[in-house]
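> Pasting query20.pdb below, which is PDB, C-alpha atoms.
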```pdb
ATOM      1  CA  MET A 820     -29.823   4.171  -6.814  1.00  0.00           C
ATOM      2  CA  ARG A 821     -28.124   2.023  -9.443  1.00  0.00           C
ATOM      3  CA  SER A 822     -28.509  -1.253  -7.547  1.00  0.00           C
ATOM      4  CA  GLY A 823     -29.549  -3.154 -10.686  1.00  0.00           C
ATOM      5  CA  LEU A 824     -26.145  -2.429 -12.239  1.00  0.00           C
ATOM      6  CA  LEU A 825     -24.029  -3.271  -9.190  1.00  0.00           C
ATOM      7  CA  ARG A 826     -23.354  -6.900 -10.072  1.00  0.00           C
ATOM      8  CA  ASN A 827     -21.647  -6.027 -13.327  1.00  0.00           C
ATOM      9  CA  ILE A 828     -20.375  -2.488 -12.825  1.00  0.00           C
ATOM     10  CA  ILE A 829     -16.702  -3.326 -12.783  1.00  0.00           C
ATOM     11  CA  LEU A 830     -14.450  -6.332 -12.451  1.00  0.00           C
ATOM     12  CA  VAL A 831     -10.917  -5.302 -11.705  1.00  0.00           C
ATOM     13  CA  LEU A 832      -8.261  -7.937 -12.243  1.00  0.00           C
ATOM     14  CA  LEU A 833      -4.607  -7.278 -11.645  1.00  0.00           C
ATOM     15  CA  VAL A 834      -2.082  -9.854 -12.614  1.00  0.00           C
ATOM     16  CA  MET A 835       1.063  -9.313 -10.602  1.00  0.00           C
ATOM     17  CA  THR A 836       4.189 -10.722 -12.198  1.00  0.00           C
ATOM     18  CA  ALA A 837       7.758 -10.728 -10.998  1.00  0.00           C
ATOM     19  CA  GLY A 838      10.696  -9.522 -13.039  1.00  0.00           C
ATOM     20  CA  MET A 839      14.406  -9.140 -12.525  1.00  0.00           C
ATOM     21  CA  MET A 840      17.022  -6.762 -13.855  1.00  0.00           C
ATOM     22  CA  LEU A 841      20.700  -7.431 -13.418  1.00  0.00           C
ATOM     23  CA  GLY A 842      21.994  -4.185 -14.960  1.00  0.00           C
ATOM     24  CA  SER A 843      25.693  -3.741 -14.224  1.00  0.00           C
ATOM     25  CA  ALA A 844      25.668  -6.299 -11.422  1.00  0.00           C
ATOM     26  CA  PRO A 845      28.704  -8.322 -10.495  1.00  0.00           C
ATOM     27  CA  ALA A 846      28.712 -11.806 -12.023  1.00  0.00           C
ATOM     28  CA  PHE A 847      27.879 -13.387  -8.658  1.00  0.00           C
ATOM     29  CA  ALA A 848      24.708 -11.346  -8.031  1.00  0.00           C
ATOM     30  CA  ASP A 849      21.692 -13.560  -7.425  1.00  0.00           C
ATOM     31  CA  GLN A 850      18.339 -11.825  -7.059  1.00  0.00           C
ATOM     32  CA  MET A 851      14.735 -12.965  -7.101  1.00  0.00           C
ATOM     33  CA  ILE A 852      11.279 -11.428  -6.592  1.00  0.00           C
ATOM     34  CA  THR A 853       7.995 -13.246  -6.087  1.00  0.00           C
ATOM     35  CA  ALA A 854       4.502 -11.735  -6.070  1.00  0.00           C
ATOM     36  CA  GLY A 855       1.274 -13.620  -6.642  1.00  0.00           C
ATOM     37  CA  ASP A 856      -1.792 -12.968  -8.767  1.00  0.00           C
ATOM     38  CA  LEU A 857      -4.293 -10.552  -7.317  1.00  0.00           C
ATOM     39  CA  SER A 858      -7.973 -10.437  -8.217  1.00  0.00           C
ATOM     40  CA  LEU A 859     -10.002  -7.554  -6.851  1.00  0.00           C
ATOM     41  CA  GLY A 860     -13.302  -9.168  -7.887  1.00  0.00           C
ATOM     42  CA  ILE A 861     -16.523  -7.320  -8.569  1.00  0.00           C
ATOM     43  CA  ALA A 862     -16.842  -3.832  -7.129  1.00  0.00           C
ATOM     44  CA  GLY A 863     -20.240  -3.234  -5.553  1.00  0.00           C
ATOM     45  CA  GLU A 864     -22.177  -0.380  -4.016  1.00  0.00           C
ATOM     46  CA  GLU A 865     -20.026  -0.262  -0.880  1.00  0.00           C
ATOM     47  CA  GLU A 866     -16.808   0.170  -2.895  1.00  0.00           C
ATOM     48  CA  PHE A 867     -18.347   2.791  -5.207  1.00  0.00           C
ATOM     49  CA  LEU A 868     -19.687   4.766  -2.228  1.00  0.00           C
ATOM     50  CA  ALA A 869     -16.190   4.664  -0.700  1.00  0.00           C
ATOM     51  CA  GLY A 870     -14.702   5.623  -4.085  1.00  0.00           C
ATOM     52  CA  TYR A 871     -12.182   2.803  -4.202  1.00  0.00           C
ATOM     53  CA  VAL A 872     -11.305  -0.869  -3.842  1.00  0.00           C
ATOM     54  CA  LEU A 873      -8.404  -1.508  -1.464  1.00  0.00           C
ATOM     55  CA  VAL A 874      -6.151  -4.528  -1.069  1.00  0.00           C
ATOM     56  CA  PRO A 875      -3.893  -3.997   1.953  1.00  0.00           C
ATOM     57  CA  ARG A 876      -0.551  -5.651   2.691  1.00  0.00           C
ATOM     58  CA  LEU A 877       0.117  -7.524  -0.537  1.00  0.00           C
ATOM     59  CA  PRO A 878       3.381  -9.423   0.095  1.00  0.00           C
ATOM     60  CA  VAL A 879       6.306  -9.066  -2.310  1.00  0.00           C
ATOM     61  CA  PHE A 880       9.064 -11.537  -1.448  1.00  0.00           C
ATOM     62  CA  TRP A 881      12.667 -10.730  -2.308  1.00  0.00           C
ATOM     63  CA  GLU A 882      15.993 -12.515  -2.202  1.00  0.00           C
ATOM     64  CA  SER A 883      19.393 -10.996  -2.955  1.00  0.00           C
ATOM     65  CA  ASP A 884      23.048 -11.562  -2.194  1.00  0.00           C
ATOM     66  CA  THR A 885      23.882  -7.904  -2.867  1.00  0.00           C
ATOM     67  CA  PRO A 886      22.351  -4.541  -1.848  1.00  0.00           C
ATOM     68  CA  TRP A 887      19.315  -3.912  -4.048  1.00  0.00           C
ATOM     69  CA  THR A 888      16.638  -1.596  -5.330  1.00  0.00           C
ATOM     70  CA  LEU A 889      13.080  -2.654  -6.156  1.00  0.00           C
ATOM     71  CA  SER A 890      10.897  -0.943  -8.796  1.00  0.00           C
ATOM     72  CA  VAL A 891       7.305  -1.332  -9.956  1.00  0.00           C
ATOM     73  CA  SER A 892       5.711  -0.533 -13.334  1.00  0.00           C
ATOM     74  CA  SER A 893       2.872  -1.564 -15.605  1.00  0.00           C
ATOM     75  CA  LEU A 894       3.210  -3.207 -18.992  1.00  0.00           C
ATOM     76  CA  ASP A 895      -0.158  -1.697 -19.954  1.00  0.00           C
ATOM     77  CA  PRO A 896      -0.920   1.963 -20.813  1.00  0.00           C
ATOM     78  CA  ASP A 897      -4.373   1.763 -19.181  1.00  0.00           C
ATOM     79  CA  LEU A 898      -6.590  -0.659 -17.240  1.00  0.00           C
ATOM     80  CA  GLY A 899      -8.666  -1.580 -20.280  1.00  0.00           C
ATOM     81  CA  VAL A 900     -11.831  -0.717 -22.164  1.00  0.00           C
ATOM     82  CA  SER A 901     -15.420  -1.028 -20.938  1.00  0.00           C
ATOM     83  CA  ASN A 902     -17.698  -3.744 -22.291  1.00  0.00           C
ATOM     84  CA  ASP A 903     -19.350  -1.297 -24.706  1.00  0.00           C
ATOM     85  CA  ALA A 904     -15.979   0.302 -25.701  1.00  0.00           C
ATOM     86  CA  SER A 905     -17.194   3.750 -24.593  1.00  0.00           C
ATOM     87  CA  PHE A 906     -14.742   4.159 -21.691  1.00  0.00           C
ATOM     88  CA  VAL A 907     -11.032   3.565 -21.092  1.00  0.00           C
ATOM     89  CA  LYS A 908     -10.089   3.220 -17.410  1.00  0.00           C
ATOM     90  CA  PRO A 909      -6.893   5.226 -16.843  1.00  0.00           C
ATOM     91  CA  LEU A 910      -3.802   3.483 -15.465  1.00  0.00           C
ATOM     92  CA  GLY A 911      -3.551   6.370 -12.973  1.00  0.00           C
ATOM     93  CA  ASP A 912      -6.691   5.035 -11.239  1.00  0.00           C
ATOM     94  CA  LEU A 913      -4.462   2.226  -9.952  1.00  0.00           C
ATOM     95  CA  LEU A 914      -2.486   3.468  -6.947  1.00  0.00           C
ATOM     96  CA  TRP A 915       0.146   1.824  -4.747  1.00  0.00           C
ATOM     97  CA  ARG A 916       2.145   2.550  -1.616  1.00  0.00           C
ATOM     98  CA  LEU A 917       4.383   0.722   0.796  1.00  0.00           C
ATOM     99  CA  SER A 918       2.057  -0.457   3.560  1.00  0.00           C
ATOM    100  CA  ASP A 919       3.874   1.563   6.228  1.00  0.00           C
ATOM    101  CA  GLU A 920       3.712   4.822   4.218  1.00  0.00           C
ATOM    102  CA  GLU A 921       0.970   7.444   3.897  1.00  0.00           C
ATOM    103  CA  VAL A 922       1.417   8.687   0.312  1.00  0.00           C
ATOM    104  CA  TRP A 923      -0.324   6.929  -2.590  1.00  0.00           C
ATOM    105  CA  ARG A 924       1.436   6.875  -5.976  1.00  0.00           C
ATOM    106  CA  PRO A 925      -0.288   6.319  -9.314  1.00  0.00           C
ATOM    107  CA  MET A 926       0.894   3.322 -11.326  1.00  0.00           C
ATOM    108  CA  SER A 927       2.945   4.186 -14.393  1.00  0.00           C
ATOM    109  CA  GLN A 928       4.545   2.437 -17.331  1.00  0.00           C
ATOM    110  CA  ASP A 929       7.810   4.043 -16.214  1.00  0.00           C
ATOM    111  CA  PRO A 930       9.532   2.096 -13.426  1.00  0.00           C
ATOM    112  CA  GLN A 931       9.109   3.751 -10.026  1.00  0.00           C
ATOM    113  CA  GLU A 932      11.356   2.915  -7.105  1.00  0.00           C
ATOM    114  CA  LEU A 933       9.411   1.022  -4.454  1.00  0.00           C
ATOM    115  CA  THR A 934      12.224   0.690  -1.971  1.00  0.00           C
ATOM    116  CA  TRP A 935      15.912  -0.187  -1.618  1.00  0.00           C
ATOM    117  CA  SER A 936      18.139  -1.795   0.978  1.00  0.00           C
ATOM    118  CA  PHE A 937      21.696  -2.714   1.833  1.00  0.00           C
ATOM    119  CA  GLU A 938      20.238  -5.820   3.506  1.00  0.00           C
ATOM    120  CA  MET A 939      21.155  -9.134   1.906  1.00  0.00           C
ATOM    121  CA  GLY A 940      19.422 -12.482   2.264  1.00  0.00           C
ATOM    122  CA  ALA A 941      15.663 -12.837   1.914  1.00  0.00           C
ATOM    123  CA  GLY A 942      12.665 -10.912   3.141  1.00  0.00           C
ATOM    124  CA  VAL A 943       9.263  -9.508   2.338  1.00  0.00           C
ATOM    125  CA  ILE A 944       7.891  -6.030   1.800  1.00  0.00           C
ATOM    126  CA  TYR A 945       4.185  -5.221   1.870  1.00  0.00           C
ATOM    127  CA  ILE A 946       2.371  -2.907  -0.492  1.00  0.00           C
ATOM    128  CA  ASP A 947      -1.188  -1.609  -0.520  1.00  0.00           C
ATOM    129  CA  VAL A 948      -3.042  -1.488  -3.845  1.00  0.00           C
ATOM    130  CA  LEU A 949      -6.021   0.794  -4.454  1.00  0.00           C
ATOM    131  CA  VAL A 950      -8.235   1.282  -7.524  1.00  0.00           C
ATOM    132  CA  ARG A 951     -10.250   4.511  -7.666  1.00  0.00           C
ATOM    133  CA  LEU A 952     -13.910   4.139  -8.613  1.00  0.00           C
ATOM    134  CA  ASP A 953     -16.386   6.728  -9.888  1.00  0.00           C
ATOM    135  CA  TRP A 954     -20.159   6.211 -10.235  1.00  0.00           C
ATOM    136  CA  LEU A 955     -20.378   8.806 -13.006  1.00  0.00           C
ATOM    137  CA  SER A 956     -17.509   7.830 -15.279  1.00  0.00           C
ATOM    138  CA  ASP A 957     -16.699   4.143 -14.734  1.00  0.00           C
ATOM    139  CA  ALA A 958     -18.569   1.851 -17.127  1.00  0.00           C
ATOM    140  CA  PRO A 959     -19.108  -1.923 -16.720  1.00  0.00           C
ATOM    141  CA  GLY A 960     -16.165  -3.983 -17.881  1.00  0.00           C
ATOM    142  CA  ILE A 961     -13.283  -6.253 -17.017  1.00  0.00           C
ATOM    143  CA  TYR A 962     -10.254  -4.159 -16.172  1.00  0.00           C
ATOM    144  CA  ARG A 963      -6.729  -5.446 -15.627  1.00  0.00           C
ATOM    145  CA  ALA A 964      -3.040  -4.611 -15.744  1.00  0.00           C
ATOM    146  CA  ASP A 965       0.187  -6.574 -15.856  1.00  0.00           C
ATOM    147  CA  ILE A 966       2.368  -5.211 -13.064  1.00  0.00           C
ATOM    148  CA  VAL A 967       6.118  -5.901 -13.065  1.00  0.00           C
ATOM    149  CA  PHE A 968       8.373  -5.769 -10.016  1.00  0.00           C
ATOM    150  CA  SER A 969      12.027  -5.353 -10.997  1.00  0.00           C
ATOM    151  CA  MET A 970      15.025  -5.865  -8.756  1.00  0.00           C
ATOM    152  CA  ALA A 971      18.497  -4.502  -9.485  1.00  0.00           C
ATOM    153  CA  PRO A 972      21.730  -4.271  -7.505  1.00  0.00           C
ATOM    154  CA  LEU A 973      22.597  -0.887  -5.997  1.00  0.00           C
TER     155      LEU A 973
END
```
I'd like the structure from this file rewritten - as C-alpha cells, please.


Amino acid sequence: MRSGLLRNIILVLLVMTAGMMLGSAPAFADQMITAGDLSLGIAGEEEFLAGYVLVPRLPVFWESDTPWTLSVSSLDPDLGVSNDASFVKPLGDLLWRLSDEEVWRPMSQDPQELTWSFEMGAGVIYIDVLVRLDWLSDAPGIYRADIVFSMAPL
C-alpha cells in the first residue's frame, strides 16, 4: 500500500467566490450571492479508496427583488499542476449538484445553470461538491479552482 505517500498525495483547495450579472435587468433590480471559501484539505487513504472527496450541503445564499437564475462556472481551465509538473488535474474531476438532486455535473469554464426561481426576497440553496481521486493517475500537489456563482434576472 502507498501509506507513506498518503500525507502529501493531494491537497485540494477550492476558493468559492460570488459574482453577479445584471444583463438586461430593470434599473431597480438588486441581486446578491454569497458563498464562502471551501478547503477540502488533504485527501488520505480513505478518500482514495472511495475514489472521491465529498463536501455535502455547501450553502449558497441569494437575495433578489426580481425573479432570477443562478449559474456556476470556473475561472480556471484545470485544477492545477502536480508538485513535480508531471500531471495536470482536469477541471472535469470537480463535480457539483444541487443537494436534493441525483445527477452530478462536471465543472466547466462555461456558465452552467444551477437553478432559477420566480421567488423574490432572500434564501439559500445547497450544493454538493465532489472531487474525483485516482490512485494511479493523481500525483501529489496543491490543486484549486476559482468558482464563480452568477445571478441574473429572468

> Please evaluate the PyMOL selection byres ((chain A and resi 852) around 6) against the structure above and give the resulting residues as number ranges by chain.

A: 837, 851, 853, 880-881

> Scan for residues within 8 Å of the point (-12.4, -1.6, -3.2) in the coordinates of the file, using all atoms listed in the file, and reply as an MDAnalysis selection string.

chainID A and resid 859 862 866:867 869:874 949:951

> Considering only C-alpha atoms, state which residue in the set A:Ser969, A:Ser893, A:Ser858, A:Ser956 is at the smallest distance from A:Leu910.

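Of the candidates, the smallest distance to A:Leu910 is held by A:Ser893.
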
> Residues at most 12 Å from stretch 935-943 of chain A, counting all atoms listed in the file, excluding those fewer than 5 positions away in the same chain, as an MDAnalysis selection string?

chainID A and resid 848:854 876:890 917:918 969:973

> Which value, in Å to one decimal, gives the distance between atom CA of A:Val891 and atom CA of A:Trp954?

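A separation of 28.5 Å between them.
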
> So which residues get picked by the PyMOL selection byres ((chain A and resi 912) around 10) here, written as a list in words?

Tyr871, Asp897, Leu898, Lys908, Pro909, Leu910, Gly911, Leu913, Leu914, Trp915, Arg924, Pro925, Met926, Leu949, Val950, Arg951, Leu952 and Asp953 of chain A

> Separation of atom CA of A:Arg916 and atom CA of A:Ile944, in Å?

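Result for atom CA of A:Arg916 versus atom CA of A:Ile944: 10.9 Å, one decimal.
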
> Could you write stretch 874-894 of chain A as a PDB file, keeping the file's coordinate frame, with N, CA and C atoms rebuilt where they are missing?


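Output file out.pdb follows:
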```pdb
ATOM      1  N   VAL A 874      -6.757  -3.266  -1.491  1.00  0.00           N
ATOM      2  CA  VAL A 874      -6.151  -4.528  -1.069  1.00  0.00           C
ATOM      3  C   VAL A 874      -4.930  -4.157  -0.229  1.00  0.00           C
ATOM      4  N   PRO A 875      -5.019  -4.352   1.089  1.00  0.00           N
ATOM      5  CA  PRO A 875      -3.893  -3.997   1.953  1.00  0.00           C
ATOM      6  C   PRO A 875      -2.877  -5.135   2.074  1.00  0.00           C
ATOM      7  N   ARG A 876      -1.644  -4.747   2.308  1.00  0.00           N
ATOM      8  CA  ARG A 876      -0.551  -5.651   2.691  1.00  0.00           C
ATOM      9  C   ARG A 876      -0.353  -6.826   1.729  1.00  0.00           C
ATOM     10  N   LEU A 877      -0.231  -6.512   0.459  1.00  0.00           N
ATOM     11  CA  LEU A 877       0.117  -7.524  -0.537  1.00  0.00           C
ATOM     12  C   LEU A 877       1.602  -7.846  -0.376  1.00  0.00           C
ATOM     13  N   PRO A 878       1.968  -9.107  -0.117  1.00  0.00           N
ATOM     14  CA  PRO A 878       3.381  -9.423   0.095  1.00  0.00           C
ATOM     15  C   PRO A 878       4.162  -9.515  -1.222  1.00  0.00           C
ATOM     16  N   VAL A 879       5.357  -8.940  -1.204  1.00  0.00           N
ATOM     17  CA  VAL A 879       6.306  -9.066  -2.310  1.00  0.00           C
ATOM     18  C   VAL A 879       7.587  -9.614  -1.687  1.00  0.00           C
ATOM     19  N   PHE A 880       7.909 -10.857  -2.028  1.00  0.00           N
ATOM     20  CA  PHE A 880       9.064 -11.537  -1.448  1.00  0.00           C
ATOM     21  C   PHE A 880      10.303 -11.246  -2.282  1.00  0.00           C
ATOM     22  N   TRP A 881      11.420 -11.019  -1.620  1.00  0.00           N
ATOM     23  CA  TRP A 881      12.667 -10.730  -2.308  1.00  0.00           C
ATOM     24  C   TRP A 881      13.792 -11.600  -1.758  1.00  0.00           C
ATOM     25  N   GLU A 882      14.791 -11.783  -2.596  1.00  0.00           N
ATOM     26  CA  GLU A 882      15.993 -12.515  -2.202  1.00  0.00           C
ATOM     27  C   GLU A 882      17.162 -11.926  -2.979  1.00  0.00           C
ATOM     28  N   SER A 883      18.252 -11.606  -2.283  1.00  0.00           N
ATOM     29  CA  SER A 883      19.393 -10.996  -2.955  1.00  0.00           C
ATOM     30  C   SER A 883      20.664 -11.226  -2.151  1.00  0.00           C
ATOM     31  N   ASP A 884      21.762 -11.421  -2.872  1.00  0.00           N
ATOM     32  CA  ASP A 884      23.048 -11.562  -2.194  1.00  0.00           C
ATOM     33  C   ASP A 884      23.885 -10.292  -2.354  1.00  0.00           C
ATOM     34  N   THR A 885      23.224  -9.201  -2.726  1.00  0.00           N
ATOM     35  CA  THR A 885      23.882  -7.904  -2.867  1.00  0.00           C
ATOM     36  C   THR A 885      22.869  -6.817  -2.505  1.00  0.00           C
ATOM     37  N   PRO A 886      23.309  -5.631  -2.068  1.00  0.00           N
ATOM     38  CA  PRO A 886      22.351  -4.541  -1.848  1.00  0.00           C
ATOM     39  C   PRO A 886      21.506  -4.319  -3.110  1.00  0.00           C
ATOM     40  N   TRP A 887      20.251  -3.893  -2.930  1.00  0.00           N
ATOM     41  CA  TRP A 887      19.315  -3.912  -4.048  1.00  0.00           C
ATOM     42  C   TRP A 887      18.361  -2.736  -4.037  1.00  0.00           C
ATOM     43  N   THR A 888      17.734  -2.537  -5.182  1.00  0.00           N
ATOM     44  CA  THR A 888      16.638  -1.596  -5.330  1.00  0.00           C
ATOM     45  C   THR A 888      15.485  -2.328  -6.010  1.00  0.00           C
ATOM     46  N   LEU A 889      14.269  -1.992  -5.627  1.00  0.00           N
ATOM     47  CA  LEU A 889      13.080  -2.654  -6.156  1.00  0.00           C
ATOM     48  C   LEU A 889      12.176  -1.602  -6.795  1.00  0.00           C
ATOM     49  N   SER A 890      11.749  -1.862  -8.043  1.00  0.00           N
ATOM     50  CA  SER A 890      10.897  -0.943  -8.796  1.00  0.00           C
ATOM     51  C   SER A 890       9.598  -1.631  -9.188  1.00  0.00           C
ATOM     52  N   VAL A 891       8.588  -0.818  -9.498  1.00  0.00           N
ATOM     53  CA  VAL A 891       7.305  -1.332  -9.956  1.00  0.00           C
ATOM     54  C   VAL A 891       6.867  -0.521 -11.169  1.00  0.00           C
ATOM     55  N   SER A 892       6.244  -1.206 -12.143  1.00  0.00           N
ATOM     56  CA  SER A 892       5.711  -0.533 -13.334  1.00  0.00           C
ATOM     57  C   SER A 892       4.618  -1.404 -13.936  1.00  0.00           C
ATOM     58  N   SER A 893       3.914  -0.830 -14.895  1.00  0.00           N
ATOM     59  CA  SER A 893       2.872  -1.564 -15.605  1.00  0.00           C
ATOM     60  C   SER A 893       3.297  -1.784 -17.045  1.00  0.00           C
ATOM     61  N   LEU A 894       2.975  -2.944 -17.579  1.00  0.00           N
ATOM     62  CA  LEU A 894       3.210  -3.207 -18.992  1.00  0.00           C
ATOM     63  C   LEU A 894       2.119  -2.576 -19.852  1.00  0.00           C
TER      64      LEU A 894
END
```
